[in-house]
$ cat run_14.txt   # compact mmCIF, C-alpha atoms and all ligand atoms
# COMPACT_ATOMS: atom_id res chain seq x y z
CA MET T 152 -56.36 10.25 -36.49
CA PRO T 153 -54.75 9.49 -33.11
CA SER T 154 -51.02 8.88 -32.78
CA ARG T 155 -49.81 5.28 -32.93
CA PRO T 156 -46.73 3.56 -31.54
CA PRO T 157 -43.53 4.77 -33.23
CA LEU T 158 -42.21 2.53 -35.99
CA ASN T 159 -38.47 2.87 -36.29
CA LEU T 160 -38.55 2.08 -39.98
CA PRO T 161 -35.22 1.78 -41.77
CA LEU T 162 -34.07 4.82 -43.75
CA ARG T 163 -31.78 4.73 -46.75
CA ARG T 164 -30.61 7.10 -49.46
CA PRO T 165 -32.72 7.24 -52.63
CA THR T 166 -31.47 6.20 -56.05
CA PRO T 167 -32.91 7.19 -59.44
CA ALA T 168 -34.51 3.72 -59.52
CA ASP T 169 -36.86 4.88 -56.73
CA TYR T 170 -38.31 7.64 -58.87
CA ALA T 171 -40.95 5.58 -60.69
CA GLY T 172 -42.34 4.06 -57.49
CA ILE T 173 -42.51 7.41 -55.73
CA THR T 174 -44.26 9.17 -58.61
CA MET T 175 -46.84 6.36 -58.80
CA ALA T 176 -47.57 6.84 -55.09
CA LEU T 177 -47.85 10.62 -55.19
CA ASP T 178 -51.58 10.90 -56.01
CA ASP T 179 -52.40 8.64 -53.09
CA TRP T 180 -49.92 10.26 -50.69
CA TRP T 181 -50.62 13.92 -51.53
CA GLY T 182 -54.25 13.94 -52.72
CA ARG T 183 -55.25 17.27 -54.16
CA HIS T 184 -52.29 19.08 -52.63
CA GLN T 185 -49.85 17.37 -54.94
CA VAL T 186 -47.66 19.93 -56.68
CA PRO T 187 -47.25 18.75 -60.28
CA GLY T 188 -43.70 18.54 -61.47
CA ILE T 189 -42.04 19.30 -58.15
CA LEU T 190 -40.41 15.88 -57.95
CA SER T 191 -38.09 15.66 -60.91
CA ARG T 192 -36.00 12.53 -61.34
CA LEU T 193 -33.02 14.90 -61.07
CA TRP T 194 -33.61 15.18 -57.32
CA PHE T 195 -33.02 11.46 -56.90
CA GLU T 196 -29.89 11.67 -59.02
CA HIS T 197 -28.23 14.81 -57.69
CA PHE T 198 -29.57 15.26 -54.15
CA ALA T 199 -29.53 11.64 -53.02
CA GLY T 200 -26.81 12.40 -50.46
CA THR T 201 -29.14 14.75 -48.55
CA SER T 202 -32.44 12.91 -49.11
CA TRP T 203 -34.07 9.85 -47.54
CA ILE T 204 -36.41 6.97 -48.26
CA ALA T 205 -38.24 5.06 -45.51
CA HIS T 206 -39.34 1.45 -46.01
CA ALA T 207 -42.15 -0.45 -44.34
CA LEU T 208 -41.28 -3.75 -42.70
CA ASP T 209 -42.57 -5.61 -45.81
CA GLY T 210 -40.18 -3.56 -48.00
CA ALA T 211 -42.87 -1.26 -49.47
CA LEU T 212 -42.16 2.45 -49.78
CA ALA T 213 -43.20 4.19 -46.58
CA GLY T 214 -42.05 7.76 -47.18
CA TYR T 215 -39.50 10.08 -48.70
CA LEU T 216 -37.83 13.39 -47.97
CA VAL T 217 -35.93 15.39 -50.58
CA GLY T 218 -33.61 18.07 -49.25
CA PHE T 219 -30.43 19.99 -49.97
CA VAL T 220 -28.12 22.60 -48.50
CA SER T 221 -28.88 25.90 -50.22
CA PRO T 222 -25.94 27.03 -52.37
CA GLY T 223 -27.24 30.62 -52.07
CA HIS T 224 -27.88 30.44 -48.31
CA PRO T 225 -25.50 27.80 -46.95
CA ALA T 226 -26.92 28.09 -43.43
CA ASP T 227 -30.24 26.79 -44.77
CA PHE T 228 -31.10 23.15 -45.42
CA VAL T 229 -34.17 23.25 -47.67
CA ILE T 230 -36.76 20.45 -47.56
CA VAL T 231 -38.30 20.41 -51.01
CA SER T 232 -40.85 17.66 -50.58
CA VAL T 233 -41.72 15.06 -47.97
CA ALA T 234 -44.58 12.61 -47.61
CA VAL T 235 -45.48 9.42 -45.75
CA ALA T 236 -47.74 6.61 -47.03
CA PRO T 237 -51.26 7.19 -45.66
CA GLY T 238 -51.47 3.80 -43.93
CA LEU T 239 -48.27 4.49 -41.98
CA ARG T 240 -49.03 7.99 -40.71
CA ARG T 241 -48.85 8.97 -37.03
CA HIS T 242 -46.15 6.36 -36.45
CA GLY T 243 -43.32 8.89 -36.29
CA VAL T 244 -42.09 8.28 -39.85
CA GLY T 245 -42.36 11.96 -40.82
CA ARG T 246 -40.48 12.94 -37.67
CA ARG T 247 -37.82 10.33 -38.36
CA LEU T 248 -37.30 11.57 -41.93
CA HIS T 249 -36.88 15.10 -40.55
CA GLU T 250 -34.33 13.89 -37.99
CA GLY T 251 -32.38 12.45 -40.93
CA ALA T 252 -32.55 15.85 -42.61
CA ALA T 253 -31.42 17.60 -39.41
CA ALA T 254 -28.40 15.31 -39.16
CA ASP T 255 -27.52 15.97 -42.81
CA ALA T 256 -27.93 19.71 -42.31
CA LEU T 257 -25.56 19.78 -39.33
CA GLU T 258 -23.05 17.56 -41.08
CA HIS T 259 -22.96 20.03 -43.99
CA GLY T 260 -22.67 23.10 -41.74
CA ALA T 261 -26.26 24.35 -42.06
CA ALA T 262 -27.94 25.90 -39.03
CA ARG T 263 -31.62 25.59 -39.82
CA LEU T 264 -34.20 23.55 -41.70
CA VAL T 265 -36.43 25.49 -44.10
CA GLU T 266 -39.64 23.92 -45.40
CA PRO T 267 -42.38 25.55 -47.49
CA ALA T 268 -45.97 24.45 -46.87
CA TRP T 269 -49.43 25.38 -48.05
CA PRO T 270 -50.90 27.37 -45.13
CA GLY T 271 -54.35 25.83 -45.69
CA ASP T 272 -53.13 22.28 -45.01
CA PRO T 273 -53.92 21.65 -41.33
CA VAL T 274 -52.09 18.30 -41.19
CA ALA T 275 -48.86 19.67 -42.65
CA ILE T 276 -49.05 22.72 -40.37
CA ALA T 277 -49.75 20.59 -37.27
CA PHE T 278 -46.88 18.29 -38.18
CA LEU T 279 -44.41 21.12 -38.77
CA ARG T 280 -45.29 22.87 -35.50
CA ALA T 281 -44.97 19.55 -33.62
CA ALA T 282 -41.58 18.99 -35.26
CA GLY T 283 -40.28 22.31 -33.89
CA PHE T 284 -40.78 24.54 -36.94
CA VAL T 285 -42.16 28.09 -36.77
CA PRO T 286 -43.54 30.03 -39.74
CA GLU T 287 -41.45 32.93 -41.01
CA ASP T 288 -43.30 36.15 -40.14
CA LEU T 289 -41.45 38.74 -42.23
CA PRO T 290 -42.63 41.69 -44.34
CA GLY T 291 -44.58 40.32 -47.30
CA THR T 292 -46.42 37.70 -45.26
CA ARG T 293 -50.15 37.86 -44.51
CA ARG T 294 -52.24 35.70 -42.18
CA LEU T 295 -53.68 33.01 -44.43
CA TYR T 296 -55.70 30.29 -42.71
CA GLY T 297 -54.24 31.75 -39.49
CA VAL T 298 -50.63 31.22 -40.61
CA PRO T 299 -48.18 33.95 -41.73
CA ALA T 300 -47.67 33.15 -45.41
CA TYR T 301 -46.65 34.67 -48.73
CA PRO T 302 -49.71 34.97 -51.00
CA ASP T 303 -49.48 33.73 -54.61
CA GLN T 304 -45.89 32.68 -54.10
CA GLU T 305 -45.73 29.82 -56.62
CA TRP T 306 -47.05 29.97 -60.19
CA GLY T 307 -48.67 33.28 -59.30
CA ARG T 308 -51.48 31.49 -57.46
CA GLU T 309 -50.17 29.16 -54.74
CA ASP T 310 -49.77 30.60 -51.22
CA ARG T 311 -46.76 29.41 -49.24
CA ALA T 312 -45.75 29.60 -45.60
CA ILE T 313 -42.03 29.18 -45.02
CA PHE T 314 -41.46 27.11 -41.89
CA VAL T 315 -38.08 27.27 -40.18
CA ARG T 316 -36.50 25.11 -37.48
CA GLU T 317 -33.29 26.38 -35.90
CA LEU T 318 -30.88 23.53 -35.25
CA ALA T 319 -28.84 23.14 -32.11
CA ALA T 320 -25.59 21.17 -32.10
CA GLU T 321 -27.31 18.42 -30.09
CA ASP T 322 -30.01 17.91 -32.79
C1 LIG H 401 -47.28 15.60 -42.85
C2 LIG H 401 -46.82 14.13 -42.87
C3 LIG H 401 -45.47 14.02 -43.61
C4 LIG H 401 -46.64 13.67 -41.42
O1 LIG H 401 -46.07 12.36 -41.42
P1 LIG H 401 -46.33 11.33 -40.20
O2 LIG H 401 -45.39 10.21 -40.34
O3 LIG H 401 -47.76 11.00 -40.11
O4 LIG H 401 -45.95 12.26 -38.94
P2 LIG H 401 -45.47 11.77 -37.48
O5 LIG H 401 -46.12 10.48 -37.13
O6 LIG H 401 -43.99 11.82 -37.44
O7 LIG H 401 -46.11 12.91 -36.57
C5 LIG H 401 -45.33 13.74 -35.71
C6 LIG H 401 -46.27 14.68 -35.01
O8 LIG H 401 -46.87 15.60 -35.96
C7 LIG H 401 -48.22 15.89 -35.53
N1 LIG H 401 -49.16 15.37 -36.54
C8 LIG H 401 -48.89 14.53 -37.58
N2 LIG H 401 -50.02 14.27 -38.28
C9 LIG H 401 -51.01 14.93 -37.66
C10 LIG H 401 -52.42 15.05 -37.90
N3 LIG H 401 -53.02 14.40 -38.93
N4 LIG H 401 -53.15 15.82 -37.08
C11 LIG H 401 -52.58 16.47 -36.03
N5 LIG H 401 -51.24 16.40 -35.74
C12 LIG H 401 -50.48 15.65 -36.56
C13 LIG H 401 -48.44 15.16 -34.21
O9 LIG H 401 -48.06 16.04 -33.16
C14 LIG H 401 -47.45 14.02 -34.33
O10 LIG H 401 -47.03 13.49 -33.09
P3 LIG H 401 -47.98 12.38 -32.32
O11 LIG H 401 -48.43 11.40 -33.37
O12 LIG H 401 -47.07 11.79 -31.29
O13 LIG H 401 -49.13 13.17 -31.76
C15 LIG H 401 -47.91 13.22 -43.54
O14 LIG H 401 -49.16 13.51 -42.97
C16 LIG H 401 -48.01 13.39 -45.05
O15 LIG H 401 -47.29 12.73 -45.80
N6 LIG H 401 -48.91 14.29 -45.52
C17 LIG H 401 -49.10 14.51 -46.98
C18 LIG H 401 -47.89 15.18 -47.59
C19 LIG H 401 -47.60 16.50 -46.91
O16 LIG H 401 -48.46 17.25 -46.46
N7 LIG H 401 -46.30 16.86 -46.90
C20 LIG H 401 -45.87 18.12 -46.33
C21 LIG H 401 -45.38 17.92 -44.98
S1 LIG H 401 -44.87 19.44 -44.24
$ encode --input "run_14.txt" --output "structure tokens" --more "lines below"
Ligand SMILES: CC(C)(COP(=O)(O)OP(=O)(O)OC[C@H]1O[C@@H](n2cnc3c(N)ncnc32)[C@H](O)[C@@H]1OP(=O)(O)O)[C@@H](O)C(=O)NCCC(=O)NCCS
Amino acid sequence: MPSRPPLNLPLRRPTPADYAGITMALDDWWGRHQVPGILSRLWFEHFAGTSWIAHALDGALAGYLVGFVSPGHPADFVIVSVAVAPGLRRHGVGRRLHEGAAADALEHGAARLVEPAWPGDPVAIAFLRAAGFVPEDLPGTRRLYGVPAYPDQEWGREDRAIFVRELAAED
């Protein structure tokens, strides 16, 4: 799909009331890559201050990003899950959600964004590379689908690449 003109859709913080609408959209937004159970309602309750919702001009949900500053690694802002409504892709909504995350990360003293992805998902990988992320290439990774990734990282069967974007003060 070619890129389209950027839509500067409004972003706002999620509330627990958003949870039902997001979970109903997940099958459509994620297709077979949906990770069951990853989006607990707790995220919308306890991580709302570092997460975002994007709305389409008609008020419909356009995308979400759930993130937090790692208590164990305070320099890392972890993006747990992010998706954009299929009909609104390639309009810069994913990029805009990540810019919101970058601003939150810097405000909370983090120095990099960290985002896991399935290495076999070419759209996610293309997006992350375009958004300035590089895959971690540390001991324990293997080239999977051409991307350095940790095999069987989740539930003993799901491969994961860990993408990292270093943040500069001007981000
Ligand atoms: C990945 C995802 C969030 C991208 O959202 P988006 O709003 O379409 O992304 P943007 O419009 O901000 O794209 C930014 C850049 O990423 C790259 N990109 C995005 N989608 C792409 C695609 N399908 N093919 C190739 N490059 C792509 C492009 O370089 C794009 O810039 P351009 O449109 O000016 O060429 C969206 O496709 C999605 O929700 N996928 C399903 C859920 C998912 O995979 N989440 C994990 C994301 S890491």
$ closest_atom_pairs --input "run_14.txt" --of "chain T" --to "ligand LIG 401 (chain H)" --cutoff "6 Å" --atoms "all atoms listed in the file" --output "tab-separated table"
residue	atom	partner	partner_atom	distance
T:Met152	CA	H:LIG401	N3	5.9
T:Ser154	CA	H:LIG401	O11	3.7
T:Trp180	CA	H:LIG401	C17	5.7
T:Trp181	CA	H:LIG401	C17	4.8
T:Val233	CA	H:LIG401	N7	5.0
T:Ala234	CA	H:LIG401	O15	3.3
T:Val235	CA	H:LIG401	O15	3.8
T:Arg240	CA	H:LIG401	O3	3.3
T:Arg241	CA	H:LIG401	O5	3.1
T:His242	CA	H:LIG401	O5	4.2
T:Gly243	CA	H:LIG401	O6	3.2
T:Val244	CA	H:LIG401	O2	3.9
T:Gly245	CA	H:LIG401	O2	3.5
T:Arg246	CA	H:LIG401	O6	3.7
T:Ala268	CA	H:LIG401	S1	5.8
T:Val274	CA	H:LIG401	N3	4.6
T:Ala275	CA	H:LIG401	S1	4.3
T:Ala277	CA	H:LIG401	N5	4.7
T:Phe278	CA	H:LIG401	O8	3.5
T:Leu279	CA	H:LIG401	S1	5.7
T:Ala281	CA	H:LIG401	O9	4.7
$ residues_around --input "run_14.txt" --residues "region 204-212 of chain T" --least-positions-apart "4" --cutoff "12 Å" --atoms "only C-alpha atoms" --output "number ranges by chain"
T: 158-177, 180, 195, 199-200, 216-218, 232-240, 242-249, 251-252
$ residues_around --input "run_14.txt" --residues "region 259-265 of chain T" --least-positions-apart "4" --cutoff "10 Å" --atoms "only C-alpha atoms" --output "NGL selection string"
:T and (201 or 218-221 or 224-231 or 249 or 252-255 or 283-287 or 313-320)
$ closest_residue --input "run_14.txt" --among "T:Arg293, T:Arg192, T:Arg311, T:Arg155" --to "Pro270 (chain T)" --atoms "all atoms listed in the file"
T:Arg311
$ atom_distance --input "run_14.txt" --atom1 "CA of Tyr215 (chain T)" --atom2 "CA of Pro302 (chain T)"
27.0 Å
$ atom_distance --input "run_14.txt" --atom1 "CA of Asp288 (chain T)" --atom2 "CA of Trp203 (chain T)"
28.8 Å
$ atom_distance --input "run_14.txt" --atom1 "CA of Trp269 (chain T)" --atom2 "CA of Glu250 (chain T)"
21.5 Å
$ closest_residue --input "run_14.txt" --among "T:Ala213, T:Ile276, T:Leu257, T:Leu190" --to "Gly297 (chain T)" --atoms "only C-alpha atoms"
T:Ile276
$ axis_aligned_box --input "run_14.txt" --around "region 158-166 of chain T" --padding-each-side "4 Å" --output "JSON"
{"center_x": -36.4, "center_y": 4.5, "center_z": -46.0, "size_x": 19.6, "size_y": 13.5, "size_z": 28.1}
